[in-house]
Amino acid sequence: MKTTFLKTLLVLFTVVIGGNLNAQDKKVNHYAVMTTKIQQLKPITLAAASLLEEDGDSFGSFSTIVYGKEVEGLTDKKIMKPYLKEAKKAKVSLVVCKMALDHYKVSVKDIPKEFKVVPNAFTHYLQLQKKGVMGLSL
């Protein structure tokens, strides 16, 4: 009885520890795309949705970083509504450059709340790459 209990305990311990070790070894994919064009949000989001499906549990994050003159278009609710809906479905985090907003005189309060504002798009992108995020700049 005592040996059966010890064997059972040993098996459980091995499974629990082995499972934790495998979970730690699992690779998680993180992605970032920089764009200056609002029209590119749809194909970028479609790519994110494909990667979400393809990666499954290995999907970590997907960020779309918008910078440049077209930040002015982020204030158009009619244009942005479908992009925001699709980005949410594809688990895309949206980021916008504060320098661009300031340069083109766009108020942070006028852009969708779904956007995270970063001081500098390029610095943010490079910091993500230092962390191992796979990136693409369009």
# chains A, B, ... in the order shown; residues from 1 in each chain; ligands from 1
>>> select_by_dssp(residues="chain A", states="alpha helix (DSSP H)", output="CSV table (one decimal) with C-alpha atoms, in the first residue's frame")
chain,number,residue,atom,x,y,z
A,2,LYS,CA,2.8,2.4,1.0
A,3,THR,CA,4.8,1.7,-2.2
A,4,THR,CA,1.7,2.1,-4.4
A,5,PHE,CA,1.1,5.5,-2.8
A,6,LEU,CA,4.7,6.5,-3.3
A,7,LYS,CA,4.7,5.4,-6.9
A,8,THR,CA,1.5,7.3,-7.5
A,9,LEU,CA,3.0,10.4,-5.9
A,10,LEU,CA,6.1,10.0,-8.0
A,11,VAL,CA,4.1,9.7,-11.2
A,12,LEU,CA,2.0,12.8,-10.3
A,13,PHE,CA,5.1,14.8,-9.4
A,14,THR,CA,6.7,13.8,-12.7
A,15,VAL,CA,3.7,14.8,-14.7
A,16,VAL,CA,3.3,18.2,-12.9
A,17,ILE,CA,7.0,19.1,-13.1
A,18,GLY,CA,7.3,17.8,-16.7
A,19,GLY,CA,4.2,19.8,-17.8
A,20,ASN,CA,5.6,22.9,-16.2
A,21,LEU,CA,9.0,22.5,-18.0
A,22,ASN,CA,7.3,22.0,-21.3
A,23,ALA,CA,5.2,25.1,-20.8
A,24,GLN,CA,8.3,27.1,-20.1
A,25,ASP,CA,10.0,25.8,-23.3
A,41,LEU,CA,-4.9,48.6,-41.6
A,42,LYS,CA,-7.2,46.1,-43.3
A,43,PRO,CA,-4.6,43.9,-44.9
A,44,ILE,CA,-2.4,44.1,-41.8
A,45,THR,CA,-5.3,43.0,-39.7
A,46,LEU,CA,-6.1,40.2,-42.1
A,47,ALA,CA,-2.4,39.0,-41.7
A,48,ALA,CA,-2.8,39.2,-37.9
A,49,ALA,CA,-6.0,37.1,-38.1
A,50,SER,CA,-4.2,34.5,-40.2
A,51,LEU,CA,-1.2,34.4,-37.8
A,52,LEU,CA,-3.6,34.1,-34.8
A,53,GLU,CA,-5.2,31.1,-36.4
A,54,GLU,CA,-1.9,29.6,-37.6
A,55,ASP,CA,0.0,30.1,-34.4
A,77,LYS,CA,-15.1,57.6,-37.0
A,78,LYS,CA,-16.9,56.3,-40.1
A,79,ILE,CA,-13.6,55.3,-41.7
A,80,MET,CA,-12.1,53.8,-38.5
A,81,LYS,CA,-15.1,51.8,-37.2
A,82,PRO,CA,-14.6,48.7,-39.4
A,83,TYR,CA,-10.9,48.8,-38.8
A,84,LEU,CA,-11.3,48.9,-35.0
A,85,LYS,CA,-13.9,46.1,-35.1
A,86,GLU,CA,-11.6,43.8,-37.2
A,87,ALA,CA,-8.5,44.7,-35.1
A,88,LYS,CA,-10.3,43.7,-31.9
A,89,LYS,CA,-11.4,40.4,-33.5
A,98,LYS,CA,2.5,61.2,-30.4
A,99,MET,CA,5.1,63.1,-32.4
A,100,ALA,CA,3.0,62.7,-35.6
A,101,LEU,CA,-0.2,63.7,-33.7
A,102,ASP,CA,1.5,66.8,-32.5
A,103,HIS,CA,3.1,67.6,-35.8
A,121,ALA,CA,6.9,55.4,-33.2
A,122,PHE,CA,10.4,54.5,-34.2
A,123,THR,CA,11.8,54.2,-30.7
A,124,HIS,CA,8.8,52.1,-29.7
A,125,TYR,CA,9.3,49.8,-32.8
A,126,LEU,CA,13.0,49.4,-32.0
A,127,GLN,CA,12.3,48.6,-28.4
A,128,LEU,CA,9.9,45.9,-29.5
A,129,GLN,CA,12.5,44.5,-31.8
A,130,LYS,CA,15.1,44.4,-29.0
>>> closest_residue(among="A:Lys109, A:His30, A:Lys69, A:Lys37", to="Asp57 in chain A", atoms="only C-alpha atoms")
A:His30
>>> closest_residue(among="A:Gly60, A:Pro112, A:Gly73, A:Gly68", to="Thr35 in chain A", atoms="only C-alpha atoms")
A:Gly68
>>> atom_distance(atom1="CA of Leu94 in chain A", atom2="CA of Ile65 in chain A")
6.2 Å
>>> closest_residue(among="A:Cys97, A:Ile38, A:Val33, A:Val92", to="Pro119 in chain A", atoms="only C-alpha atoms")
A:Cys97
>>> select_by_dssp(residues="chain A", states="strand (DSSP E or B)", output="PyMOL selection string")
chain A and resi 29-35+59-66+92-97+115-118+134-137
>>> residues_around(residues="Phe115 in chain A", least_positions_apart="6", cutoff="9 Å", atoms="only C-alpha atoms", output="MDAnalysis selection string")
chainID A and resid 93:96
>>> write_last_selection(atoms="N, CA and C atoms", output="mmCIF file, in the first residue's frame")
data_model
loop_
_atom_site.group_PDB
_atom_site.id
_atom_site.type_symbol
_atom_site.label_atom_id
_atom_site.label_comp_id
_atom_site.auth_asym_id
_atom_site.auth_seq_id
_atom_site.Cartn_x
_atom_site.Cartn_y
_atom_site.Cartn_z
ATOM 1 N N SER A 93 -3.249 45.048 -31.206
ATOM 2 C CA SER A 93 -3.179 46.275 -30.422
ATOM 3 C C SER A 93 -2.752 47.401 -31.369
ATOM 4 N N LEU A 94 -3.444 48.516 -31.257
ATOM 5 C CA LEU A 94 -3.211 49.653 -32.140
ATOM 6 C C LEU A 94 -2.403 50.713 -31.401
ATOM 7 N N VAL A 95 -1.398 51.233 -32.095
ATOM 8 C CA VAL A 95 -0.475 52.194 -31.493
ATOM 9 C C VAL A 95 -0.349 53.382 -32.442
ATOM 10 N N VAL A 96 -0.252 54.581 -31.884
ATOM 11 C CA VAL A 96 -0.069 55.776 -32.712
ATOM 12 C C VAL A 96 1.058 56.623 -32.123
#
>>> atom_distance(atom1="CA of Lys26 in chain A", atom2="CA of Thr64 in chain A")
24.3 Å
>>> residues_around(residues="Thr36 in chain A", least_positions_apart="6", cutoff="8 Å", atoms="only C-alpha atoms", output="PyMOL selection string")
chain A and resi 66-71+138
>>> write_last_selection(atoms="C-alpha atoms", output="PDB file, in the first residue's frame")
ATOM      1  CA  VAL A  66       0.605  54.181 -37.193  1.00  0.00           C
ATOM      2  CA  TYR A  67       2.746  57.242 -37.832  1.00  0.00           C
ATOM      3  CA  GLY A  68       3.020  60.055 -40.379  1.00  0.00           C
ATOM      4  CA  LYS A  69       0.527  62.404 -42.006  1.00  0.00           C
ATOM      5  CA  GLU A  70      -2.367  59.959 -42.107  1.00  0.00           C
ATOM      6  CA  VAL A  71      -2.760  60.124 -38.334  1.00  0.00           C
ATOM      7  CA  LEU A 138       5.607  49.393 -44.630  1.00  0.00           C
TER       8      LEU A 138
END
>>> atom_distance(atom1="CA of Val133 in chain A", atom2="CA of Tyr31 in chain A")
5.4 Å
